[in-house]
file work31.txt (compact mmCIF, N, CA, C and O atoms)
# COMPACT_ATOMS: atom_id res chain seq x y z
N MET A 1 0.85 -1.15 0.00
CA MET A 1 0.00 0.00 0.00
C MET A 1 0.90 1.22 0.00
O MET A 1 1.88 1.26 0.75
N THR A 2 0.53 2.16 -0.84
CA THR A 2 1.36 3.36 -0.94
C THR A 2 0.51 4.52 -1.46
O THR A 2 -0.59 4.32 -1.96
N GLY A 3 1.06 5.71 -1.38
CA GLY A 3 0.40 6.89 -1.92
C GLY A 3 0.18 7.94 -0.85
O GLY A 3 0.23 7.67 0.35
N ALA A 4 -0.08 9.16 -1.29
CA ALA A 4 -0.30 10.28 -0.37
C ALA A 4 -1.55 10.07 0.48
O ALA A 4 -1.55 10.34 1.68
N PHE A 5 -2.61 9.56 -0.14
CA PHE A 5 -3.84 9.29 0.60
C PHE A 5 -3.60 8.25 1.68
O PHE A 5 -4.05 8.40 2.81
N PHE A 6 -2.87 7.20 1.32
CA PHE A 6 -2.56 6.16 2.30
C PHE A 6 -1.77 6.75 3.46
O PHE A 6 -2.06 6.48 4.62
N GLY A 7 -0.78 7.58 3.16
CA GLY A 7 0.02 8.19 4.21
C GLY A 7 -0.81 9.04 5.16
O GLY A 7 -0.59 9.03 6.37
N ALA A 8 -1.78 9.76 4.61
CA ALA A 8 -2.61 10.64 5.42
C ALA A 8 -3.65 9.88 6.24
O ALA A 8 -4.12 10.38 7.26
N HIS A 9 -4.04 8.69 5.79
CA HIS A 9 -5.10 7.92 6.45
C HIS A 9 -4.61 6.54 6.89
O HIS A 9 -5.39 5.59 7.00
N ARG A 10 -3.33 6.42 7.15
CA ARG A 10 -2.72 5.12 7.42
C ARG A 10 -3.41 4.36 8.56
O ARG A 10 -3.73 3.19 8.42
N ASP A 11 -3.65 5.01 9.68
CA ASP A 11 -4.24 4.33 10.84
C ASP A 11 -5.62 3.78 10.51
O ASP A 11 -5.95 2.63 10.83
N GLU A 12 -6.44 4.58 9.85
CA GLU A 12 -7.78 4.16 9.46
C GLU A 12 -7.74 2.98 8.49
O GLU A 12 -8.50 2.02 8.63
N ILE A 13 -6.84 3.05 7.53
CA ILE A 13 -6.72 2.00 6.52
C ILE A 13 -6.20 0.71 7.16
O ILE A 13 -6.71 -0.39 6.87
N MET A 14 -5.22 0.81 8.03
CA MET A 14 -4.71 -0.39 8.70
C MET A 14 -5.76 -1.00 9.61
O MET A 14 -5.82 -2.22 9.78
N HIS A 15 -6.63 -0.19 10.17
CA HIS A 15 -7.74 -0.70 10.97
C HIS A 15 -8.67 -1.54 10.08
O HIS A 15 -9.11 -2.62 10.49
N LEU A 16 -8.95 -1.06 8.88
CA LEU A 16 -9.77 -1.83 7.93
C LEU A 16 -9.10 -3.15 7.58
O LEU A 16 -9.75 -4.20 7.53
N VAL A 17 -7.79 -3.13 7.35
CA VAL A 17 -7.03 -4.34 7.02
C VAL A 17 -7.14 -5.35 8.16
O VAL A 17 -7.43 -6.53 7.94
N ARG A 18 -6.93 -4.91 9.38
CA ARG A 18 -7.00 -5.81 10.54
C ARG A 18 -8.42 -6.35 10.76
O ARG A 18 -8.60 -7.52 11.10
N ASN A 19 -9.42 -5.50 10.56
CA ASN A 19 -10.80 -5.95 10.70
C ASN A 19 -11.14 -7.02 9.67
O ASN A 19 -11.83 -7.99 9.97
N HIS A 20 -10.65 -6.84 8.44
CA HIS A 20 -10.90 -7.83 7.40
C HIS A 20 -10.25 -9.16 7.78
O HIS A 20 -10.85 -10.22 7.61
N GLU A 21 -9.04 -9.10 8.29
CA GLU A 21 -8.36 -10.33 8.72
C GLU A 21 -9.14 -11.02 9.84
O GLU A 21 -9.35 -12.24 9.79
N GLN A 22 -9.60 -10.27 10.82
CA GLN A 22 -10.34 -10.87 11.94
C GLN A 22 -11.64 -11.51 11.46
O GLN A 22 -12.00 -12.59 11.93
N HIS A 23 -12.31 -10.87 10.54
CA HIS A 23 -13.55 -11.42 9.98
C HIS A 23 -13.29 -12.75 9.28
O HIS A 23 -14.01 -13.73 9.48
N GLU A 24 -12.24 -12.80 8.46
CA GLU A 24 -11.89 -14.03 7.75
C GLU A 24 -11.43 -15.12 8.71
O GLU A 24 -11.73 -16.30 8.51
N ARG A 25 -10.70 -14.75 9.73
CA ARG A 25 -10.15 -15.72 10.67
C ARG A 25 -11.24 -16.45 11.45
O ARG A 25 -11.06 -17.59 11.87
N LYS A 26 -12.40 -15.81 11.63
CA LYS A 26 -13.50 -16.47 12.35
C LYS A 26 -13.94 -17.75 11.64
O LYS A 26 -14.26 -18.73 12.30
N GLU A 27 -13.98 -17.72 10.32
CA GLU A 27 -14.40 -18.89 9.55
C GLU A 27 -13.24 -19.73 9.05
O GLU A 27 -13.41 -20.91 8.78
N HIS A 28 -12.08 -19.12 8.92
CA HIS A 28 -10.89 -19.81 8.40
C HIS A 28 -9.70 -19.46 9.30
O HIS A 28 -8.94 -18.53 9.01
N PRO A 29 -9.49 -20.21 10.38
CA PRO A 29 -8.47 -19.86 11.38
C PRO A 29 -7.04 -19.75 10.85
O PRO A 29 -6.22 -19.08 11.47
N LEU A 30 -6.74 -20.37 9.72
CA LEU A 30 -5.37 -20.31 9.21
C LEU A 30 -5.12 -19.08 8.33
O LEU A 30 -3.98 -18.82 7.95
N LYS A 31 -6.16 -18.32 8.00
CA LYS A 31 -5.98 -17.09 7.23
C LYS A 31 -5.58 -15.98 8.20
O LYS A 31 -6.38 -15.53 9.02
N ARG A 32 -4.31 -15.57 8.09
CA ARG A 32 -3.78 -14.57 9.02
C ARG A 32 -2.80 -13.63 8.32
O ARG A 32 -2.25 -13.96 7.29
N ILE A 33 -2.59 -12.50 8.96
CA ILE A 33 -1.53 -11.59 8.55
C ILE A 33 -0.26 -12.07 9.25
O ILE A 33 -0.25 -12.25 10.47
N ILE A 34 0.79 -12.31 8.49
CA ILE A 34 2.06 -12.76 9.04
C ILE A 34 2.89 -11.58 9.53
O ILE A 34 3.47 -11.62 10.60
N ALA A 35 2.96 -10.53 8.69
CA ALA A 35 3.82 -9.40 9.03
C ALA A 35 3.31 -8.13 8.35
O ALA A 35 2.66 -8.18 7.31
N VAL A 36 3.64 -7.00 8.96
CA VAL A 36 3.40 -5.68 8.38
C VAL A 36 4.73 -4.96 8.41
O VAL A 36 5.31 -4.76 9.48
N GLU A 37 5.23 -4.60 7.23
CA GLU A 37 6.55 -3.94 7.13
C GLU A 37 6.41 -2.57 6.49
O GLU A 37 5.70 -2.41 5.51
N GLU A 38 7.11 -1.59 7.07
CA GLU A 38 7.14 -0.22 6.55
C GLU A 38 8.50 0.02 5.90
O GLU A 38 9.53 -0.28 6.51
N LYS A 39 8.48 0.54 4.67
CA LYS A 39 9.74 0.83 4.00
C LYS A 39 9.52 1.87 2.90
O LYS A 39 8.70 1.66 2.02
N ASP A 40 10.23 2.98 2.99
CA ASP A 40 10.20 4.03 1.97
C ASP A 40 8.79 4.47 1.61
O ASP A 40 8.44 4.60 0.44
N GLY A 41 7.94 4.70 2.60
CA GLY A 41 6.59 5.19 2.35
C GLY A 41 5.62 4.13 1.85
O GLY A 41 4.51 4.45 1.43
N THR A 42 6.03 2.89 1.88
CA THR A 42 5.19 1.78 1.43
C THR A 42 4.97 0.83 2.60
O THR A 42 5.88 0.59 3.38
N THR A 43 3.77 0.30 2.69
CA THR A 43 3.48 -0.69 3.72
C THR A 43 3.21 -2.02 3.03
O THR A 43 2.37 -2.10 2.14
N LEU A 44 3.93 -3.05 3.44
CA LEU A 44 3.78 -4.39 2.89
C LEU A 44 3.13 -5.27 3.94
O LEU A 44 3.64 -5.40 5.06
N VAL A 45 1.99 -5.86 3.58
CA VAL A 45 1.27 -6.78 4.47
C VAL A 45 1.42 -8.17 3.87
O VAL A 45 1.01 -8.42 2.75
N THR A 46 2.01 -9.08 4.64
CA THR A 46 2.20 -10.46 4.19
C THR A 46 1.15 -11.33 4.86
O THR A 46 0.97 -11.25 6.08
N THR A 47 0.48 -12.18 4.06
CA THR A 47 -0.58 -13.03 4.59
C THR A 47 -0.26 -14.51 4.36
O THR A 47 0.60 -14.85 3.56
N THR A 48 -0.99 -15.37 5.05
CA THR A 48 -0.81 -16.81 4.92
C THR A 48 -1.58 -17.38 3.74
O THR A 48 -1.38 -18.53 3.38
N ASP A 49 -2.46 -16.59 3.13
CA ASP A 49 -3.38 -17.11 2.13
C ASP A 49 -3.59 -16.10 1.02
O ASP A 49 -3.80 -14.91 1.29
N ILE A 50 -3.58 -16.57 -0.23
CA ILE A 50 -3.76 -15.64 -1.35
C ILE A 50 -5.16 -15.05 -1.37
O ILE A 50 -5.36 -13.92 -1.81
N HIS A 51 -6.15 -15.80 -0.86
CA HIS A 51 -7.52 -15.29 -0.86
C HIS A 51 -7.69 -14.17 0.16
O HIS A 51 -8.45 -13.23 -0.07
N LEU A 52 -6.97 -14.25 1.27
CA LEU A 52 -6.99 -13.17 2.25
C LEU A 52 -6.36 -11.91 1.65
O LEU A 52 -6.89 -10.81 1.80
N ALA A 53 -5.24 -12.06 0.96
CA ALA A 53 -4.58 -10.92 0.32
C ALA A 53 -5.52 -10.25 -0.68
O ALA A 53 -5.66 -9.03 -0.71
N ARG A 54 -6.17 -11.07 -1.51
CA ARG A 54 -7.11 -10.53 -2.50
C ARG A 54 -8.28 -9.83 -1.81
O ARG A 54 -8.70 -8.75 -2.21
N GLY A 55 -8.81 -10.44 -0.74
CA GLY A 55 -9.93 -9.85 -0.02
C GLY A 55 -9.58 -8.51 0.61
O GLY A 55 -10.39 -7.58 0.59
N ILE A 56 -8.38 -8.41 1.16
CA ILE A 56 -7.93 -7.14 1.74
C ILE A 56 -7.85 -6.08 0.64
O ILE A 56 -8.31 -4.96 0.81
N GLY A 57 -7.25 -6.44 -0.49
CA GLY A 57 -7.16 -5.50 -1.61
C GLY A 57 -8.52 -5.04 -2.08
O GLY A 57 -8.75 -3.85 -2.33
N GLU A 58 -9.44 -5.97 -2.22
CA GLU A 58 -10.79 -5.62 -2.68
C GLU A 58 -11.52 -4.76 -1.65
O GLU A 58 -12.26 -3.84 -2.01
N ALA A 59 -11.32 -5.03 -0.36
CA ALA A 59 -11.94 -4.21 0.69
C ALA A 59 -11.40 -2.78 0.65
O ALA A 59 -12.17 -1.82 0.79
N LEU A 60 -10.09 -2.64 0.45
CA LEU A 60 -9.50 -1.30 0.33
C LEU A 60 -10.06 -0.56 -0.88
O LEU A 60 -10.41 0.62 -0.79
N HIS A 61 -10.13 -1.25 -1.99
CA HIS A 61 -10.64 -0.62 -3.22
C HIS A 61 -12.10 -0.23 -3.06
O HIS A 61 -12.52 0.84 -3.50
N HIS A 62 -12.89 -1.09 -2.44
CA HIS A 62 -14.30 -0.80 -2.24
C HIS A 62 -14.49 0.42 -1.33
O HIS A 62 -15.33 1.27 -1.59
N ALA A 63 -13.70 0.50 -0.28
CA ALA A 63 -13.85 1.59 0.70
C ALA A 63 -13.27 2.91 0.21
O ALA A 63 -13.82 3.97 0.50
N TYR A 64 -12.14 2.86 -0.52
CA TYR A 64 -11.40 4.08 -0.83
C TYR A 64 -11.11 4.30 -2.31
O TYR A 64 -10.44 5.28 -2.66
N GLN A 65 -11.55 3.39 -3.18
CA GLN A 65 -11.22 3.41 -4.59
C GLN A 65 -9.70 3.33 -4.79
O GLN A 65 -9.08 2.53 -4.14
N GLY A 66 -9.12 4.10 -5.66
CA GLY A 66 -7.69 4.03 -5.91
C GLY A 66 -7.37 2.99 -6.98
O GLY A 66 -8.25 2.50 -7.67
N GLU A 67 -6.10 2.66 -7.12
CA GLU A 67 -5.63 1.71 -8.12
C GLU A 67 -5.34 0.37 -7.45
O GLU A 67 -4.60 0.32 -6.47
N LEU A 68 -5.91 -0.69 -7.99
CA LEU A 68 -5.74 -2.03 -7.45
C LEU A 68 -5.22 -2.94 -8.54
O LEU A 68 -5.81 -3.04 -9.61
N ASP A 69 -4.07 -3.58 -8.30
CA ASP A 69 -3.47 -4.50 -9.27
C ASP A 69 -3.19 -5.84 -8.61
O ASP A 69 -2.79 -5.90 -7.44
N PHE A 70 -3.39 -6.91 -9.39
CA PHE A 70 -3.11 -8.27 -8.94
C PHE A 70 -2.07 -8.89 -9.84
O PHE A 70 -2.17 -8.80 -11.06
N HIS A 71 -1.07 -9.53 -9.24
CA HIS A 71 -0.05 -10.26 -9.99
C HIS A 71 0.04 -11.65 -9.37
O HIS A 71 0.49 -11.81 -8.23
N TYR A 72 -0.38 -12.66 -10.15
CA TYR A 72 -0.43 -14.03 -9.63
C TYR A 72 0.68 -14.86 -10.24
O TYR A 72 0.89 -14.85 -11.45
N ASN A 73 1.41 -15.59 -9.39
CA ASN A 73 2.46 -16.50 -9.83
C ASN A 73 1.99 -17.92 -9.48
O ASN A 73 2.11 -18.35 -8.33
N PRO A 74 1.43 -18.64 -10.47
CA PRO A 74 0.88 -19.97 -10.16
C PRO A 74 1.93 -20.99 -9.75
O PRO A 74 1.62 -21.92 -9.00
N GLU A 75 3.17 -20.84 -10.19
CA GLU A 75 4.21 -21.79 -9.83
C GLU A 75 4.50 -21.79 -8.33
O GLU A 75 4.83 -22.82 -7.74
N GLN A 76 4.38 -20.63 -7.71
CA GLN A 76 4.65 -20.51 -6.27
C GLN A 76 3.38 -20.32 -5.45
O GLN A 76 3.47 -20.12 -4.25
N ASN A 77 2.22 -20.36 -6.12
CA ASN A 77 0.95 -20.10 -5.46
C ASN A 77 1.03 -18.79 -4.67
O ASN A 77 0.73 -18.72 -3.48
N LEU A 78 1.47 -17.73 -5.37
CA LEU A 78 1.74 -16.44 -4.76
C LEU A 78 0.91 -15.37 -5.46
O LEU A 78 0.85 -15.33 -6.69
N LEU A 79 0.25 -14.53 -4.69
CA LEU A 79 -0.50 -13.40 -5.21
C LEU A 79 0.07 -12.13 -4.61
O LEU A 79 0.16 -12.00 -3.38
N ARG A 80 0.43 -11.21 -5.47
CA ARG A 80 0.93 -9.90 -5.02
C ARG A 80 -0.17 -8.89 -5.37
O ARG A 80 -0.53 -8.74 -6.53
N VAL A 81 -0.70 -8.23 -4.35
CA VAL A 81 -1.76 -7.25 -4.52
C VAL A 81 -1.15 -5.88 -4.24
O VAL A 81 -0.51 -5.67 -3.21
N SER A 82 -1.37 -4.95 -5.16
CA SER A 82 -0.83 -3.61 -4.99
C SER A 82 -1.99 -2.60 -5.00
O SER A 82 -2.78 -2.58 -5.95
N TRP A 83 -2.09 -1.80 -3.93
CA TRP A 83 -3.13 -0.78 -3.85
C TRP A 83 -2.46 0.57 -3.64
O TRP A 83 -1.61 0.73 -2.76
N THR A 84 -2.82 1.52 -4.49
CA THR A 84 -2.25 2.87 -4.43
C THR A 84 -3.39 3.88 -4.48
O THR A 84 -4.32 3.73 -5.26
N HIS A 85 -3.26 4.93 -3.68
CA HIS A 85 -4.27 6.01 -3.73
C HIS A 85 -3.57 7.30 -3.40
O HIS A 85 -2.81 7.42 -2.52
call {"tool": "encode", "arguments": {"input": "work31.txt", "output": "structure tokens"}}
result
Amino acid sequence: MTGAFFGAHRDEIMHLVRNHEQHERKEHPLKRIIAVEEKDGTTLVTTTDIHLARGIGEALHHAYQGELDFHYNPEQNLLRVSWTH
């Protein structure tokens, strides 16, 4: 997650991310956020499940619009979701 809007609303946006994780974890206990890393104005959220990553991205896009991109690597079962606003 990156962008001027994200920087100005970081706490609110991270609250949405955590709420989405908690909601998913109720039905799927293994879907979790592994780490949240800050680097050069970008926040990287690592998850245990590609569906959780996609859901977080879609929740951010639904709530705040912005640019949402998905990059899927089927060989590694890896989904990279990028949200910018």
call {"tool": "closest_residue", "arguments": {"input": "work31.txt", "among": "A:Arg54, A:Arg25, A:His85, A:Lys31", "to": "His9 in chain A", "atoms": "only C-alpha atoms"}}
result
A:His85
call {"tool": "atom_distance", "arguments": {"input": "work31.txt", "atom1": "CA of Leu52 in chain A", "atom2": "CA of Ile34 in chain A"}}
result
11.3 Å
call {"tool": "select_by_dssp", "arguments": {"input": "work31.txt", "residues": "chain A", "states": "strand (DSSP E or B)", "output": "list in words"}}
result
Thr2, Ile33, Ile34, Ala35, Val36, Glu37, Glu38, Lys39, Thr42, Thr43, Leu44, Val45, Thr46, Thr47, Glu67, Leu68, Asp69, Phe70, His71, Tyr72, Asn73, Leu78, Leu79, Arg80, Val81, Ser82, Trp83 and Thr84 of chain A
call {"tool": "write_last_selection", "arguments": {"input": "work31.txt", "atoms": "N, CA, C and O atoms", "output": "short mmCIF file (atom, residue, chain, number, x, y, z; two decimals), in the frame of the given file"}}
result
data_model
loop_
_atom_site.label_atom_id
_atom_site.label_comp_id
_atom_site.auth_asym_id
_atom_site.auth_seq_id
_atom_site.Cartn_x
_atom_site.Cartn_y
_atom_site.Cartn_z
N THR A 2 0.53 2.16 -0.84
CA THR A 2 1.36 3.36 -0.94
C THR A 2 0.51 4.52 -1.46
O THR A 2 -0.59 4.32 -1.96
N ILE A 33 -2.59 -12.50 8.96
CA ILE A 33 -1.53 -11.59 8.55
C ILE A 33 -0.26 -12.07 9.25
O ILE A 33 -0.25 -12.25 10.47
N ILE A 34 0.79 -12.31 8.49
CA ILE A 34 2.06 -12.76 9.04
C ILE A 34 2.89 -11.58 9.53
O ILE A 34 3.47 -11.62 10.60
N ALA A 35 2.96 -10.53 8.69
CA ALA A 35 3.82 -9.40 9.03
C ALA A 35 3.31 -8.13 8.35
O ALA A 35 2.66 -8.18 7.31
N VAL A 36 3.64 -7.00 8.96
CA VAL A 36 3.40 -5.68 8.38
C VAL A 36 4.73 -4.96 8.41
O VAL A 36 5.31 -4.76 9.48
N GLU A 37 5.23 -4.60 7.23
CA GLU A 37 6.55 -3.94 7.13
C GLU A 37 6.41 -2.57 6.49
O GLU A 37 5.70 -2.41 5.51
N GLU A 38 7.11 -1.59 7.07
CA GLU A 38 7.14 -0.22 6.55
C GLU A 38 8.50 0.02 5.90
O GLU A 38 9.53 -0.28 6.51
N LYS A 39 8.48 0.54 4.67
CA LYS A 39 9.74 0.83 4.00
C LYS A 39 9.52 1.87 2.90
O LYS A 39 8.70 1.66 2.02
N THR A 42 6.03 2.89 1.88
CA THR A 42 5.19 1.78 1.43
C THR A 42 4.97 0.83 2.60
O THR A 42 5.88 0.59 3.38
N THR A 43 3.77 0.30 2.69
CA THR A 43 3.48 -0.69 3.72
C THR A 43 3.21 -2.02 3.03
O THR A 43 2.37 -2.10 2.14
N LEU A 44 3.93 -3.05 3.44
CA LEU A 44 3.78 -4.39 2.89
C LEU A 44 3.13 -5.27 3.94
O LEU A 44 3.64 -5.40 5.06
N VAL A 45 1.99 -5.86 3.58
CA VAL A 45 1.27 -6.78 4.47
C VAL A 45 1.42 -8.17 3.87
O VAL A 45 1.01 -8.42 2.75
N THR A 46 2.01 -9.08 4.64
CA THR A 46 2.20 -10.46 4.19
C THR A 46 1.15 -11.33 4.86
O THR A 46 0.97 -11.25 6.08
N THR A 47 0.48 -12.18 4.06
CA THR A 47 -0.58 -13.03 4.59
C THR A 47 -0.26 -14.51 4.36
O THR A 47 0.60 -14.85 3.56
N GLU A 67 -6.10 2.66 -7.12
CA GLU A 67 -5.63 1.71 -8.12
C GLU A 67 -5.34 0.37 -7.45
O GLU A 67 -4.60 0.32 -6.47
N LEU A 68 -5.91 -0.69 -7.99
CA LEU A 68 -5.74 -2.03 -7.45
C LEU A 68 -5.22 -2.94 -8.54
O LEU A 68 -5.81 -3.04 -9.61
N ASP A 69 -4.07 -3.58 -8.30
CA ASP A 69 -3.47 -4.50 -9.27
C ASP A 69 -3.19 -5.84 -8.61
O ASP A 69 -2.79 -5.90 -7.44
N PHE A 70 -3.39 -6.91 -9.39
CA PHE A 70 -3.11 -8.27 -8.94
C PHE A 70 -2.07 -8.89 -9.84
O PHE A 70 -2.17 -8.80 -11.06
N HIS A 71 -1.07 -9.53 -9.24
CA HIS A 71 -0.05 -10.26 -9.99
C HIS A 71 0.04 -11.65 -9.37
O HIS A 71 0.49 -11.81 -8.23
N TYR A 72 -0.38 -12.66 -10.15
CA TYR A 72 -0.43 -14.03 -9.63
C TYR A 72 0.68 -14.86 -10.24
O TYR A 72 0.89 -14.85 -11.45
N ASN A 73 1.41 -15.59 -9.39
CA ASN A 73 2.46 -16.50 -9.83
C ASN A 73 1.99 -17.92 -9.48
O ASN A 73 2.11 -18.35 -8.33
N LEU A 78 1.47 -17.73 -5.37
CA LEU A 78 1.74 -16.44 -4.76
C LEU A 78 0.91 -15.37 -5.46
O LEU A 78 0.85 -15.33 -6.69
N LEU A 79 0.25 -14.53 -4.69
CA LEU A 79 -0.50 -13.40 -5.21
C LEU A 79 0.07 -12.13 -4.61
O LEU A 79 0.16 -12.00 -3.38
N ARG A 80 0.43 -11.21 -5.47
CA ARG A 80 0.93 -9.90 -5.02
C ARG A 80 -0.17 -8.89 -5.37
O ARG A 80 -0.53 -8.74 -6.53
N VAL A 81 -0.70 -8.23 -4.35
CA VAL A 81 -1.76 -7.25 -4.52
C VAL A 81 -1.15 -5.88 -4.24
O VAL A 81 -0.51 -5.67 -3.21
N SER A 82 -1.37 -4.95 -5.16
CA SER A 82 -0.83 -3.61 -4.99
C SER A 82 -1.99 -2.60 -5.00
O SER A 82 -2.78 -2.58 -5.95
N TRP A 83 -2.09 -1.80 -3.93
CA TRP A 83 -3.13 -0.78 -3.85
C TRP A 83 -2.46 0.57 -3.64
O TRP A 83 -1.61 0.73 -2.76
N THR A 84 -2.82 1.52 -4.49
CA THR A 84 -2.25 2.87 -4.43
C THR A 84 -3.39 3.88 -4.48
O THR A 84 -4.32 3.73 -5.26
#
call {"tool": "select_by_dssp", "arguments": {"input": "work31.txt", "residues": "range 4-50 of chain A", "states": "helix (DSSP H, G or I)", "output": "MDAnalysis selection string"}}
result
chainID A and resid 4:8 10:27 50
call {"tool": "residues_around", "arguments": {"input": "work31.txt", "residues": "Val17 in chain A", "least_positions_apart": "2", "cutoff": "8 Å", "atoms": "all atoms listed in the file", "output": "ChimeraX atom specification"}}
result
/A:10-15,19-24,33,52,55-57,59-60
call {"tool": "closest_residue", "arguments": {"input": "work31.txt", "among": "A:Arg32, A:His51, A:Lys26, A:Lys39", "to": "Phe70 in chain A", "atoms": "only C-alpha atoms"}}
result
A:His51
call {"tool": "atom_distance", "arguments": {"input": "work31.txt", "atom1": "atom O of Thr48 in chain A", "atom2": "atom N of Phe5 in chain A"}}
result
28.3 Å
call {"tool": "residues_around", "arguments": {"input": "work31.txt", "residues": "Glu38 in chain A", "least_positions_apart": "6", "cutoff": "8 Å", "atoms": "only N, CA, C and O atoms", "output": "MDAnalysis selection string"}}
result
chainID A and resid 1 44:45
call {"tool": "axis_aligned_box", "arguments": {"input": "work31.txt", "around": "range 37-53 of chain A", "padding_each_side": "5 Å", "output": "JSON"}}
result
{"center_x": 0.9, "center_y": -6.7, "center_z": 2.7, "size_x": 28.7, "size_y": 33.7, "size_z": 19.0}
call {"tool": "atom_distance", "arguments": {"input": "work31.txt", "atom1": "atom C of Tyr64 in chain A", "atom2": "atom O of Ala8 in chain A"}}
result
13.3 Å
call {"tool": "closest_residue", "arguments": {"input": "work31.txt", "among": "A:Thr2, A:Asn73, A:Thr42, A:Thr47", "to": "Leu30 in chain A", "atoms": "all atoms listed in the file"}}
result
A:Thr47
call {"tool": "closest_residue", "arguments": {"input": "work31.txt", "among": "A:Gly66, A:Pro74, A:Pro29, A:Gly41", "to": "Gly7 in chain A", "atoms": "only C-alpha atoms"}}
result
A:Gly41
call {"tool": "closest_residue", "arguments": {"input": "work31.txt", "among": "A:Thr46, A:Ala4, A:His28, A:His62", "to": "Leu16 in chain A", "atoms": "only C-alpha atoms"}}
result
A:His62
call {"tool": "residues_around", "arguments": {"input": "work31.txt", "residues": "Arg80 in chain A", "least_positions_apart": "3", "cutoff": "5 Å", "atoms": "all atoms listed in the file", "output": "ChimeraX atom specification"}}
result
/A:69-72
